[in-house]
file data-v5.txt (compact mmCIF, N, CA and C atoms)
# COMPACT_ATOMS: atom_id res chain seq x y z
N MET A 207 12.09 16.63 113.06
CA MET A 207 12.62 15.84 111.97
C MET A 207 11.69 14.67 111.73
N LYS A 208 11.39 14.43 110.50
CA LYS A 208 10.48 13.36 110.10
C LYS A 208 11.29 12.17 109.62
N ILE A 209 10.93 10.97 110.05
CA ILE A 209 11.61 9.75 109.63
C ILE A 209 10.58 8.83 109.00
N SER A 210 10.91 8.34 107.80
CA SER A 210 9.99 7.46 107.07
C SER A 210 10.71 6.20 106.62
N PHE A 211 9.96 5.11 106.49
CA PHE A 211 10.47 3.86 105.94
C PHE A 211 9.63 3.52 104.71
N TRP A 212 10.31 3.18 103.64
CA TRP A 212 9.62 2.72 102.44
C TRP A 212 10.11 1.31 102.17
N ILE A 213 9.24 0.36 102.34
CA ILE A 213 9.58 -1.05 102.13
C ILE A 213 8.99 -1.46 100.78
N HIS A 214 9.88 -1.90 99.89
CA HIS A 214 9.45 -2.30 98.55
C HIS A 214 10.45 -3.31 98.01
N GLY A 215 9.97 -4.27 97.27
CA GLY A 215 10.81 -5.32 96.70
C GLY A 215 11.84 -4.83 95.69
N LYS A 216 11.68 -3.61 95.17
CA LYS A 216 12.62 -3.12 94.15
C LYS A 216 13.99 -2.76 94.73
N TYR A 217 14.06 -2.61 96.04
CA TYR A 217 15.33 -2.26 96.68
C TYR A 217 16.10 -3.55 97.00
N GLU A 218 17.24 -3.73 96.33
CA GLU A 218 18.06 -4.91 96.59
C GLU A 218 18.83 -4.79 97.90
N GLU A 219 19.16 -3.57 98.26
CA GLU A 219 19.84 -3.32 99.53
C GLU A 219 19.27 -2.04 100.13
N PRO A 220 19.40 -1.86 101.43
CA PRO A 220 18.84 -0.65 102.05
C PRO A 220 19.44 0.62 101.46
N GLU A 221 18.62 1.63 101.37
CA GLU A 221 19.05 2.93 100.84
C GLU A 221 18.57 4.01 101.80
N ILE A 222 19.45 4.91 102.14
CA ILE A 222 19.10 6.00 103.05
C ILE A 222 19.19 7.31 102.27
N VAL A 223 18.12 8.08 102.31
CA VAL A 223 18.07 9.37 101.63
C VAL A 223 17.75 10.44 102.65
N ILE A 224 18.54 11.50 102.67
CA ILE A 224 18.31 12.62 103.58
C ILE A 224 17.80 13.79 102.75
N CYS A 225 16.63 14.29 103.08
CA CYS A 225 16.02 15.39 102.33
C CYS A 225 15.94 16.64 103.20
N GLY A 226 16.12 17.78 102.58
CA GLY A 226 16.01 19.04 103.30
C GLY A 226 15.86 20.19 102.32
N ALA A 227 15.44 21.34 102.81
CA ALA A 227 15.26 22.51 101.96
C ALA A 227 16.61 23.06 101.49
N LYS A 228 17.63 22.93 102.35
CA LYS A 228 18.98 23.37 101.98
C LYS A 228 19.99 22.56 102.78
N LYS A 229 21.22 22.58 102.32
CA LYS A 229 22.29 21.85 103.00
C LYS A 229 22.69 22.61 104.26
N THR A 230 22.61 21.91 105.40
CA THR A 230 22.94 22.53 106.68
C THR A 230 24.00 21.70 107.41
N ARG A 231 24.57 22.28 108.42
CA ARG A 231 25.56 21.57 109.24
C ARG A 231 24.91 20.35 109.91
N GLU A 232 23.68 20.52 110.34
CA GLU A 232 22.96 19.42 110.99
C GLU A 232 22.79 18.23 110.04
N LEU A 233 22.45 18.49 108.78
CA LEU A 233 22.28 17.41 107.81
C LEU A 233 23.62 16.75 107.49
N ALA A 234 24.69 17.53 107.41
CA ALA A 234 26.02 16.98 107.14
C ALA A 234 26.46 16.07 108.30
N GLU A 235 26.18 16.49 109.53
CA GLU A 235 26.52 15.67 110.70
C GLU A 235 25.68 14.40 110.73
N LEU A 236 24.42 14.52 110.36
CA LEU A 236 23.54 13.36 110.30
C LEU A 236 24.07 12.34 109.29
N LYS A 237 24.51 12.82 108.15
CA LYS A 237 25.09 11.95 107.12
C LYS A 237 26.30 11.21 107.67
N GLU A 238 27.18 11.91 108.39
CA GLU A 238 28.38 11.29 108.95
C GLU A 238 28.03 10.24 109.99
N VAL A 239 27.05 10.54 110.84
CA VAL A 239 26.65 9.60 111.88
C VAL A 239 26.07 8.33 111.25
N ILE A 240 25.25 8.50 110.25
CA ILE A 240 24.64 7.34 109.57
C ILE A 240 25.71 6.53 108.87
N ALA A 241 26.61 7.19 108.16
CA ALA A 241 27.68 6.48 107.44
C ALA A 241 28.54 5.68 108.41
N GLU A 242 28.84 6.26 109.54
CA GLU A 242 29.66 5.56 110.54
C GLU A 242 28.91 4.38 111.12
N ALA A 243 27.63 4.53 111.37
CA ALA A 243 26.83 3.45 111.95
C ALA A 243 26.66 2.29 110.97
N VAL A 244 26.48 2.61 109.72
CA VAL A 244 26.26 1.58 108.69
C VAL A 244 27.55 0.84 108.38
N ASN A 245 28.65 1.56 108.31
CA ASN A 245 29.93 0.97 107.95
C ASN A 245 30.71 0.59 109.20
N GLU A 246 30.16 -0.32 109.99
CA GLU A 246 30.78 -0.63 111.27
C GLU A 246 31.83 -1.73 111.18
N LYS A 247 31.97 -2.39 110.04
CA LYS A 247 33.00 -3.42 109.88
C LYS A 247 34.13 -2.87 109.01
N ILE A 248 35.32 -3.38 109.25
CA ILE A 248 36.48 -2.98 108.48
C ILE A 248 37.20 -4.24 108.02
N THR A 249 37.70 -4.21 106.80
CA THR A 249 38.40 -5.37 106.26
C THR A 249 39.88 -5.27 106.61
N VAL A 250 40.39 -6.32 107.22
CA VAL A 250 41.80 -6.41 107.59
C VAL A 250 42.33 -7.74 107.05
N TYR A 251 43.63 -7.95 107.16
CA TYR A 251 44.23 -9.16 106.59
C TYR A 251 45.06 -9.89 107.64
N ASP A 252 44.80 -11.18 107.74
CA ASP A 252 45.50 -12.05 108.68
C ASP A 252 46.16 -13.16 107.87
N ASP A 253 47.47 -13.13 107.76
CA ASP A 253 48.23 -14.10 106.95
C ASP A 253 47.69 -14.18 105.52
N GLY A 254 47.37 -13.03 104.95
CA GLY A 254 46.91 -12.97 103.57
C GLY A 254 45.42 -13.17 103.39
N ASP A 255 44.72 -13.64 104.40
CA ASP A 255 43.28 -13.86 104.32
C ASP A 255 42.53 -12.60 104.75
N ALA A 256 41.55 -12.20 103.97
CA ALA A 256 40.72 -11.05 104.33
C ALA A 256 39.78 -11.44 105.45
N VAL A 257 39.71 -10.59 106.47
CA VAL A 257 38.88 -10.83 107.64
C VAL A 257 38.09 -9.56 107.92
N GLN A 258 36.82 -9.70 108.26
CA GLN A 258 35.99 -8.56 108.65
C GLN A 258 35.96 -8.50 110.17
N ILE A 259 36.33 -7.32 110.72
CA ILE A 259 36.24 -7.13 112.16
C ILE A 259 35.40 -5.89 112.44
N MET A 260 34.83 -5.85 113.61
CA MET A 260 34.05 -4.68 114.01
C MET A 260 35.01 -3.52 114.27
N ARG A 261 34.65 -2.36 113.79
CA ARG A 261 35.48 -1.18 113.93
C ARG A 261 35.74 -0.84 115.40
N ASN A 262 34.74 -1.05 116.26
CA ASN A 262 34.91 -0.70 117.67
C ASN A 262 35.83 -1.67 118.42
N GLU A 263 36.22 -2.79 117.79
CA GLU A 263 37.18 -3.71 118.39
C GLU A 263 38.61 -3.19 118.26
N VAL A 264 38.84 -2.33 117.28
CA VAL A 264 40.19 -1.84 117.02
C VAL A 264 40.59 -0.84 118.10
N ILE A 265 41.73 -1.08 118.71
CA ILE A 265 42.26 -0.17 119.73
C ILE A 265 43.07 0.93 119.06
N ARG A 266 43.86 0.55 118.05
CA ARG A 266 44.66 1.54 117.35
C ARG A 266 45.06 1.06 115.97
N PHE A 267 45.34 2.01 115.10
CA PHE A 267 45.95 1.77 113.80
C PHE A 267 47.32 2.41 113.87
N TYR A 268 48.32 1.72 113.41
CA TYR A 268 49.66 2.31 113.44
C TYR A 268 50.46 1.87 112.22
N ALA A 269 51.42 2.70 111.84
CA ALA A 269 52.30 2.42 110.71
C ALA A 269 53.64 1.94 111.24
N SER A 270 54.16 0.89 110.62
CA SER A 270 55.46 0.36 110.96
C SER A 270 56.05 -0.31 109.73
N ARG A 271 57.28 0.05 109.40
CA ARG A 271 57.97 -0.53 108.23
C ARG A 271 57.15 -0.39 106.96
N GLN A 272 56.60 0.78 106.76
CA GLN A 272 55.82 1.16 105.57
C GLN A 272 54.57 0.31 105.36
N ARG A 273 54.04 -0.20 106.45
CA ARG A 273 52.76 -0.93 106.42
C ARG A 273 51.88 -0.38 107.52
N VAL A 274 50.57 -0.57 107.37
CA VAL A 274 49.62 -0.10 108.37
C VAL A 274 48.98 -1.32 109.03
N TYR A 275 48.87 -1.26 110.36
CA TYR A 275 48.33 -2.37 111.13
C TYR A 275 47.17 -1.91 111.99
N ALA A 276 46.24 -2.82 112.24
CA ALA A 276 45.12 -2.60 113.16
C ALA A 276 45.35 -3.53 114.34
N GLN A 277 45.36 -2.97 115.54
CA GLN A 277 45.58 -3.77 116.73
C GLN A 277 44.30 -3.84 117.55
N THR A 278 43.89 -5.06 117.86
CA THR A 278 42.75 -5.29 118.74
C THR A 278 43.30 -5.84 120.06
N ALA A 279 42.43 -6.20 120.97
CA ALA A 279 42.88 -6.75 122.24
C ALA A 279 43.58 -8.10 122.05
N ASP A 280 43.21 -8.83 120.98
CA ASP A 280 43.73 -10.18 120.79
C ASP A 280 44.74 -10.33 119.66
N GLU A 281 44.62 -9.52 118.62
CA GLU A 281 45.39 -9.72 117.39
C GLU A 281 45.90 -8.41 116.83
N THR A 282 46.85 -8.53 115.93
CA THR A 282 47.30 -7.41 115.12
C THR A 282 47.15 -7.83 113.66
N TYR A 283 46.46 -7.00 112.87
CA TYR A 283 46.16 -7.32 111.49
C TYR A 283 46.79 -6.29 110.56
N LEU A 284 47.05 -6.73 109.34
CA LEU A 284 47.52 -5.83 108.30
C LEU A 284 46.31 -5.12 107.69
N VAL A 285 46.47 -3.83 107.40
CA VAL A 285 45.40 -3.06 106.78
C VAL A 285 45.91 -2.53 105.44
N ARG A 286 45.12 -2.64 104.41
CA ARG A 286 45.53 -2.16 103.09
C ARG A 286 44.95 -0.77 102.82
N ALA A 287 45.22 0.12 103.72
CA ALA A 287 44.80 1.52 103.57
C ALA A 287 45.87 2.37 104.23
N ARG A 288 45.96 3.59 103.83
CA ARG A 288 46.91 4.53 104.44
C ARG A 288 46.27 5.13 105.70
N LEU A 289 47.09 5.59 106.60
CA LEU A 289 46.57 6.19 107.84
C LEU A 289 45.67 7.38 107.56
N TYR A 290 46.04 8.22 106.59
CA TYR A 290 45.21 9.39 106.31
C TYR A 290 43.84 8.99 105.78
N GLU A 291 43.76 7.88 105.05
CA GLU A 291 42.46 7.40 104.57
C GLU A 291 41.62 6.89 105.74
N LEU A 292 42.25 6.16 106.65
CA LEU A 292 41.54 5.67 107.83
C LEU A 292 41.08 6.83 108.70
N GLU A 293 41.96 7.82 108.86
CA GLU A 293 41.61 8.98 109.68
C GLU A 293 40.38 9.69 109.13
N GLU A 294 40.30 9.81 107.83
CA GLU A 294 39.17 10.50 107.20
C GLU A 294 37.87 9.72 107.38
N THR A 295 37.91 8.41 107.21
CA THR A 295 36.68 7.62 107.29
C THR A 295 36.27 7.31 108.74
N LEU A 296 37.20 7.37 109.66
CA LEU A 296 36.91 7.01 111.05
C LEU A 296 37.01 8.18 112.00
N LYS A 297 36.86 9.40 111.50
CA LYS A 297 37.17 10.58 112.30
C LYS A 297 36.26 10.81 113.50
N LYS A 298 35.10 10.21 113.56
CA LYS A 298 34.23 10.39 114.72
C LYS A 298 34.69 9.59 115.92
N GLN A 299 35.22 8.40 115.70
CA GLN A 299 35.57 7.51 116.80
C GLN A 299 37.07 7.46 117.07
N PHE A 300 37.89 7.76 116.07
CA PHE A 300 39.33 7.65 116.20
C PHE A 300 39.98 9.02 116.13
N VAL A 301 41.15 9.14 116.76
CA VAL A 301 41.87 10.40 116.78
C VAL A 301 43.35 10.13 116.50
N ARG A 302 43.94 10.99 115.67
CA ARG A 302 45.35 10.84 115.35
C ARG A 302 46.17 11.39 116.51
N ILE A 303 47.18 10.61 116.94
CA ILE A 303 48.03 11.06 118.04
C ILE A 303 49.48 11.31 117.60
N SER A 304 49.81 10.88 116.38
CA SER A 304 51.13 11.13 115.83
C SER A 304 51.07 10.89 114.33
N ASN A 305 52.17 11.12 113.64
CA ASN A 305 52.20 10.88 112.19
C ASN A 305 52.00 9.41 111.86
N SER A 306 52.27 8.54 112.82
CA SER A 306 52.22 7.11 112.54
C SER A 306 51.17 6.34 113.33
N GLU A 307 50.23 7.06 113.99
CA GLU A 307 49.28 6.33 114.82
C GLU A 307 47.94 7.05 114.98
N ILE A 308 46.87 6.25 114.93
CA ILE A 308 45.51 6.72 115.18
C ILE A 308 44.95 5.78 116.24
N VAL A 309 44.32 6.35 117.28
CA VAL A 309 43.78 5.51 118.35
C VAL A 309 42.27 5.68 118.46
N ASN A 310 41.63 4.65 118.96
CA ASN A 310 40.20 4.67 119.23
C ASN A 310 40.00 5.49 120.51
N ALA A 311 39.33 6.61 120.40
CA ALA A 311 39.15 7.51 121.55
C ALA A 311 38.42 6.81 122.70
N LYS A 312 37.58 5.84 122.40
CA LYS A 312 36.85 5.13 123.44
C LYS A 312 37.71 4.10 124.17
N LYS A 313 38.91 3.84 123.67
CA LYS A 313 39.80 2.85 124.27
C LYS A 313 40.92 3.51 125.08
N ILE A 314 40.92 4.84 125.17
CA ILE A 314 41.93 5.54 125.96
C ILE A 314 41.59 5.38 127.44
N ARG A 315 42.54 4.87 128.21
CA ARG A 315 42.33 4.69 129.65
C ARG A 315 42.79 5.92 130.43
N ARG A 316 44.01 6.39 130.12
CA ARG A 316 44.51 7.59 130.78
C ARG A 316 45.71 8.13 130.02
N MET A 317 46.09 9.36 130.35
CA MET A 317 47.25 10.00 129.76
C MET A 317 48.06 10.64 130.87
N ASP A 318 49.37 10.48 130.78
CA ASP A 318 50.29 11.07 131.76
C ASP A 318 51.20 12.06 131.06
N THR A 319 51.39 13.20 131.66
CA THR A 319 52.38 14.14 131.15
C THR A 319 53.59 14.08 132.06
N SER A 320 54.75 14.08 131.44
CA SER A 320 55.97 14.03 132.23
C SER A 320 56.62 15.40 132.27
N ILE A 321 57.65 15.49 133.06
CA ILE A 321 58.37 16.75 133.18
C ILE A 321 58.99 17.16 131.85
N SER A 322 59.41 16.19 131.06
CA SER A 322 60.06 16.50 129.78
C SER A 322 59.06 16.96 128.71
N GLY A 323 57.78 16.91 129.01
CA GLY A 323 56.78 17.40 128.07
C GLY A 323 56.17 16.33 127.19
N THR A 324 56.59 15.09 127.34
CA THR A 324 55.99 14.03 126.54
C THR A 324 54.68 13.58 127.19
N ILE A 325 53.79 13.08 126.38
CA ILE A 325 52.51 12.59 126.89
C ILE A 325 52.46 11.09 126.65
N HIS A 326 52.35 10.35 127.72
CA HIS A 326 52.29 8.90 127.69
C HIS A 326 50.81 8.52 127.71
N MET A 327 50.37 7.75 126.73
CA MET A 327 48.96 7.36 126.63
C MET A 327 48.83 5.87 126.93
N TYR A 328 47.88 5.55 127.79
CA TYR A 328 47.60 4.16 128.14
C TYR A 328 46.25 3.80 127.52
N LEU A 329 46.26 2.71 126.76
CA LEU A 329 45.06 2.26 126.07
C LEU A 329 44.59 0.95 126.67
N GLN A 330 43.37 0.58 126.34
CA GLN A 330 42.81 -0.70 126.76
C GLN A 330 43.74 -1.83 126.30
N GLY A 331 43.81 -2.89 127.02
CA GLY A 331 44.64 -4.02 126.64
C GLY A 331 46.10 -3.83 127.00
N ASP A 332 46.38 -2.98 127.96
CA ASP A 332 47.75 -2.71 128.42
C ASP A 332 48.67 -2.23 127.30
N ILE A 333 48.12 -1.48 126.38
CA ILE A 333 48.91 -0.90 125.29
C ILE A 333 49.33 0.50 125.70
N GLU A 334 50.61 0.78 125.55
CA GLU A 334 51.14 2.09 125.87
C GLU A 334 51.73 2.71 124.62
N THR A 335 51.54 4.01 124.47
CA THR A 335 52.07 4.72 123.32
C THR A 335 52.35 6.16 123.73
N TYR A 336 52.92 6.92 122.83
CA TYR A 336 53.24 8.32 123.13
C TYR A 336 52.55 9.24 122.15
N VAL A 337 52.14 10.38 122.63
CA VAL A 337 51.44 11.38 121.83
C VAL A 337 52.44 12.41 121.35
N SER A 338 52.39 12.72 120.08
CA SER A 338 53.21 13.78 119.53
C SER A 338 52.66 15.12 120.00
N ARG A 339 53.54 16.03 120.37
CA ARG A 339 53.08 17.34 120.88
C ARG A 339 52.24 18.11 119.87
N ARG A 340 52.53 17.94 118.60
CA ARG A 340 51.77 18.68 117.59
C ARG A 340 50.31 18.22 117.48
N TYR A 341 49.98 17.05 118.05
CA TYR A 341 48.61 16.53 117.98
C TYR A 341 47.84 16.70 119.29
N VAL A 342 48.44 17.29 120.29
CA VAL A 342 47.80 17.43 121.60
C VAL A 342 46.49 18.20 121.50
N SER A 343 46.47 19.31 120.77
CA SER A 343 45.23 20.10 120.68
C SER A 343 44.13 19.32 119.97
N ARG A 344 44.47 18.53 118.96
CA ARG A 344 43.47 17.70 118.28
C ARG A 344 42.87 16.67 119.23
N ILE A 345 43.73 16.08 120.03
CA ILE A 345 43.25 15.06 120.98
C ILE A 345 42.33 15.70 122.01
N ARG A 346 42.75 16.82 122.53
CA ARG A 346 41.93 17.51 123.53
C ARG A 346 40.57 17.87 122.94
N ASP A 347 40.55 18.43 121.72
CA ASP A 347 39.29 18.79 121.08
C ASP A 347 38.43 17.56 120.83
N SER A 348 39.05 16.47 120.40
CA SER A 348 38.30 15.25 120.11
C SER A 348 37.70 14.66 121.38
N LEU A 349 38.46 14.65 122.46
CA LEU A 349 37.95 14.08 123.70
C LEU A 349 36.86 14.94 124.31
N MET A 350 36.92 16.24 124.08
CA MET A 350 35.87 17.15 124.60
C MET A 350 34.56 16.92 123.85
N ARG A 351 34.62 16.54 122.58
CA ARG A 351 33.42 16.29 121.77
C ARG A 351 32.75 14.99 122.18
N LYS A 352 33.52 14.03 122.64
CA LYS A 352 32.97 12.69 122.88
C LYS A 352 32.35 12.55 124.23
call {"tool": "encode", "arguments": {"input": "data-v5.txt", "output": "C-alpha cells"}}
result
Amino acid sequence: MKISFWIHGKYEEPEIVICGAKKTRELAELKEVIAEAVNEKITVYDDGDAVQIMRNEVIRFYASRQRVYAQTADETYLVRARLYELEETLKKQFVRISNSEIVNAKKIRRMDTSISGTIHMYLQGDIETYVSRRYVSRIRDSLMRK
C-alpha cells in the first residue's frame, strides 16, 4: 500500500482520499478505521452547554426517560442522538448490549453469568449493568474481533 502526503495552501482542512482499482473489503475497512480515528471527539451537553469529550472517555451510552446519556468515569452527559445512530457511527469501539444501552468494549472489566441465565456486566468506574440475552452473540463476536 502506498501512502502519500500532498501539502498545499489550497486545502483549508485536511482531506483524505483512498484510491484503488476497485472497491474491496480492505478499502472499506480502511475508510472506517480512518473515520473513527479522525472523529475522536463527540459533542455532549452539560446543563444545556455543548461540550466536546473524547470518545474513548465514554464508558457507556444509555437511554432513560426517552433521552440518551453518555456516562464517563466522572460525569453523565445528555446526548442529542439516538442510540441506533451512535451504534452505527461508533461500531468499532462500542457494542450494543440491550435495546437501551451501548458500552465501550474497551471498558468492560468482566461478565458474570448466573444460574437464571442473566449476564451481569462490570464496567470501568464500578458501573454494573445487565446484558440482554438477544445481544449475547453480538457481544461475543465483537469481543473476539478486538
call {"tool": "closest_residue", "arguments": {"input": "data-v5.txt", "among": "A:Arg231, A:Leu236, A:Thr278, A:Thr319", "to": "Val264 in chain A", "atoms": "only N, CA and C atoms"}}
result
A:Thr278
call {"tool": "atom_distance", "arguments": {"input": "data-v5.txt", "atom1": "atom C of Ser304 in chain A", "atom2": "CA of Val244 in chain A"}}
result
27.1 Å
call {"tool": "residues_around", "arguments": {"input": "data-v5.txt", "residues": "Gly254 in chain A", "least_positions_apart": "4", "cutoff": "12 Å", "atoms": "only C-alpha atoms", "output": "PDB file with N, CA and C atoms, in the coordinates of the input"}}
result
ATOM      1  N   THR A 249      37.700  -4.210 106.800  1.00  0.00           N
ATOM      2  CA  THR A 249      38.400  -5.370 106.260  1.00  0.00           C
ATOM      3  C   THR A 249      39.880  -5.270 106.610  1.00  0.00           C
ATOM      4  N   VAL A 250      40.390  -6.320 107.220  1.00  0.00           N
ATOM      5  CA  VAL A 250      41.800  -6.410 107.590  1.00  0.00           C
ATOM      6  C   VAL A 250      42.330  -7.740 107.050  1.00  0.00           C
ATOM      7  N   TYR A 283      46.460  -7.000 112.870  1.00  0.00           N
ATOM      8  CA  TYR A 283      46.160  -7.320 111.490  1.00  0.00           C
ATOM      9  C   TYR A 283      46.790  -6.290 110.560  1.00  0.00           C
ATOM     10  N   LEU A 284      47.050  -6.730 109.340  1.00  0.00           N
ATOM     11  CA  LEU A 284      47.520  -5.830 108.300  1.00  0.00           C
ATOM     12  C   LEU A 284      46.310  -5.120 107.690  1.00  0.00           C
ATOM     13  N   VAL A 285      46.470  -3.830 107.400  1.00  0.00           N
ATOM     14  CA  VAL A 285      45.400  -3.060 106.780  1.00  0.00           C
ATOM     15  C   VAL A 285      45.910  -2.530 105.440  1.00  0.00           C
ATOM     16  N   ARG A 286      45.120  -2.640 104.410  1.00  0.00           N
ATOM     17  CA  ARG A 286      45.530  -2.160 103.090  1.00  0.00           C
ATOM     18  C   ARG A 286      44.950  -0.770 102.820  1.00  0.00           C
TER      19      ARG A 286
END
call {"tool": "atom_distance", "arguments": {"input": "data-v5.txt", "atom1": "CA of Tyr290 in chain A", "atom2": "CA of Gly331 in chain A"}}
result
24.4 Å
call {"tool": "residues_around", "arguments": {"input": "data-v5.txt", "residues": "range 324-328 of chain A", "least_positions_apart": "5", "cutoff": "6 Å", "atoms": "only N, CA and C atoms", "output": "list in words"}}
result
Lys313, Ile314, Arg315, Arg316, Met317, Asp318, Thr319, Ile333, Glu334, Thr335, Tyr336 and Val337 of chain A
call {"tool": "select_by_dssp", "arguments": {"input": "data-v5.txt", "residues": "chain A", "states": "strand (DSSP E or B)", "output": "JSON, numbers by chain"}}
result
{"A": [247, 248, 249, 250, 251, 252, 255, 256, 257, 258, 259, 260, 266, 267, 268, 269, 270, 273, 274, 275, 276, 277, 282, 283, 284, 285, 300, 301, 302, 303, 304, 307, 308, 309, 310, 314, 315, 316, 317, 318, 319, 325, 326, 327, 328, 329, 333, 334, 335, 336, 337]}
call {"tool": "decode", "arguments": {"input": "data-v5.txt", "residues": "range 262-324 of chain A", "atoms": "C-alpha atoms", "output": "PDB file, in the first residue's frame"}}
result
ATOM      1  CA  ASN A 262     -12.667   6.841  24.404  1.00  0.00           C
ATOM      2  CA  GLU A 263     -13.626   8.533  27.713  1.00  0.00           C
ATOM      3  CA  VAL A 264     -17.213   7.330  27.350  1.00  0.00           C
ATOM      4  CA  ILE A 265     -17.903   4.139  29.273  1.00  0.00           C
ATOM      5  CA  ARG A 266     -21.460   3.718  28.026  1.00  0.00           C
ATOM      6  CA  PHE A 267     -24.375   5.341  26.251  1.00  0.00           C
ATOM      7  CA  TYR A 268     -27.785   4.544  27.643  1.00  0.00           C
ATOM      8  CA  ALA A 269     -31.405   5.590  27.169  1.00  0.00           C
ATOM      9  CA  SER A 270     -33.538   6.639  30.115  1.00  0.00           C
ATOM     10  CA  ARG A 271     -36.857   8.518  30.120  1.00  0.00           C
ATOM     11  CA  GLN A 272     -36.723   8.969  26.339  1.00  0.00           C
ATOM     12  CA  ARG A 273     -33.319  10.652  26.450  1.00  0.00           C
ATOM     13  CA  VAL A 274     -29.851   9.357  25.640  1.00  0.00           C
ATOM     14  CA  TYR A 275     -26.931   9.845  28.024  1.00  0.00           C
ATOM     15  CA  ALA A 276     -23.166   9.371  27.805  1.00  0.00           C
ATOM     16  CA  GLN A 277     -21.517   8.242  31.027  1.00  0.00           C
ATOM     17  CA  THR A 278     -17.824   8.777  31.702  1.00  0.00           C
ATOM     18  CA  ALA A 279     -15.882   7.974  34.862  1.00  0.00           C
ATOM     19  CA  ASP A 280     -16.670  11.440  36.247  1.00  0.00           C
ATOM     20  CA  GLU A 281     -19.870  12.729  34.628  1.00  0.00           C
ATOM     21  CA  THR A 282     -23.080  11.844  32.864  1.00  0.00           C
ATOM     22  CA  TYR A 283     -23.965  13.992  29.846  1.00  0.00           C
ATOM     23  CA  LEU A 284     -27.007  14.370  27.651  1.00  0.00           C
ATOM     24  CA  VAL A 285     -26.536  13.299  24.030  1.00  0.00           C
ATOM     25  CA  ARG A 286     -28.678  14.625  21.192  1.00  0.00           C
ATOM     26  CA  ALA A 287     -28.536  11.481  19.107  1.00  0.00           C
ATOM     27  CA  ARG A 288     -30.449   8.223  19.108  1.00  0.00           C
ATOM     28  CA  LEU A 289     -28.770   5.014  20.247  1.00  0.00           C
ATOM     29  CA  TYR A 290     -29.022   3.479  16.772  1.00  0.00           C
ATOM     30  CA  GLU A 291     -27.200   6.497  15.310  1.00  0.00           C
ATOM     31  CA  LEU A 292     -24.441   6.199  17.908  1.00  0.00           C
ATOM     32  CA  GLU A 293     -24.208   2.460  17.338  1.00  0.00           C
ATOM     33  CA  GLU A 294     -23.698   2.995  13.609  1.00  0.00           C
ATOM     34  CA  THR A 295     -21.008   5.661  13.965  1.00  0.00           C
ATOM     35  CA  LEU A 296     -19.178   4.006  16.876  1.00  0.00           C
ATOM     36  CA  LYS A 297     -19.455   0.359  15.860  1.00  0.00           C
ATOM     37  CA  LYS A 298     -15.725  -0.400  16.012  1.00  0.00           C
ATOM     38  CA  GLN A 299     -15.243   0.561  19.661  1.00  0.00           C
ATOM     39  CA  PHE A 300     -18.740   0.222  21.144  1.00  0.00           C
ATOM     40  CA  VAL A 301     -21.109  -2.731  21.324  1.00  0.00           C
ATOM     41  CA  ARG A 302     -24.848  -2.813  21.958  1.00  0.00           C
ATOM     42  CA  ILE A 303     -25.787  -4.914  24.988  1.00  0.00           C
ATOM     43  CA  SER A 304     -29.525  -4.193  25.115  1.00  0.00           C
ATOM     44  CA  ASN A 305     -32.205  -2.103  23.430  1.00  0.00           C
ATOM     45  CA  SER A 306     -31.326   0.761  25.744  1.00  0.00           C
ATOM     46  CA  GLU A 307     -27.546   0.559  26.134  1.00  0.00           C
ATOM     47  CA  ILE A 308     -24.272   0.611  24.199  1.00  0.00           C
ATOM     48  CA  VAL A 309     -20.975   0.069  26.038  1.00  0.00           C
ATOM     49  CA  ASN A 310     -17.362   0.792  25.218  1.00  0.00           C
ATOM     50  CA  ALA A 311     -15.856  -2.653  24.624  1.00  0.00           C
ATOM     51  CA  LYS A 312     -12.507  -1.438  25.976  1.00  0.00           C
ATOM     52  CA  LYS A 313     -14.123  -0.505  29.307  1.00  0.00           C
ATOM     53  CA  ILE A 314     -15.588  -3.964  30.032  1.00  0.00           C
ATOM     54  CA  ARG A 315     -13.892  -5.410  33.123  1.00  0.00           C
ATOM     55  CA  ARG A 316     -15.714  -8.736  33.393  1.00  0.00           C
ATOM     56  CA  MET A 317     -19.002 -10.535  32.822  1.00  0.00           C
ATOM     57  CA  ASP A 318     -20.745 -12.989  35.122  1.00  0.00           C
ATOM     58  CA  THR A 319     -23.413 -15.455  34.120  1.00  0.00           C
ATOM     59  CA  SER A 320     -25.862 -16.519  36.754  1.00  0.00           C
ATOM     60  CA  ILE A 321     -27.921 -19.633  37.121  1.00  0.00           C
ATOM     61  CA  SER A 322     -31.014 -17.765  35.913  1.00  0.00           C
ATOM     62  CA  GLY A 323     -29.292 -17.041  32.598  1.00  0.00           C
ATOM     63  CA  THR A 324     -28.753 -13.321  33.042  1.00  0.00           C
TER      64      THR A 324
END
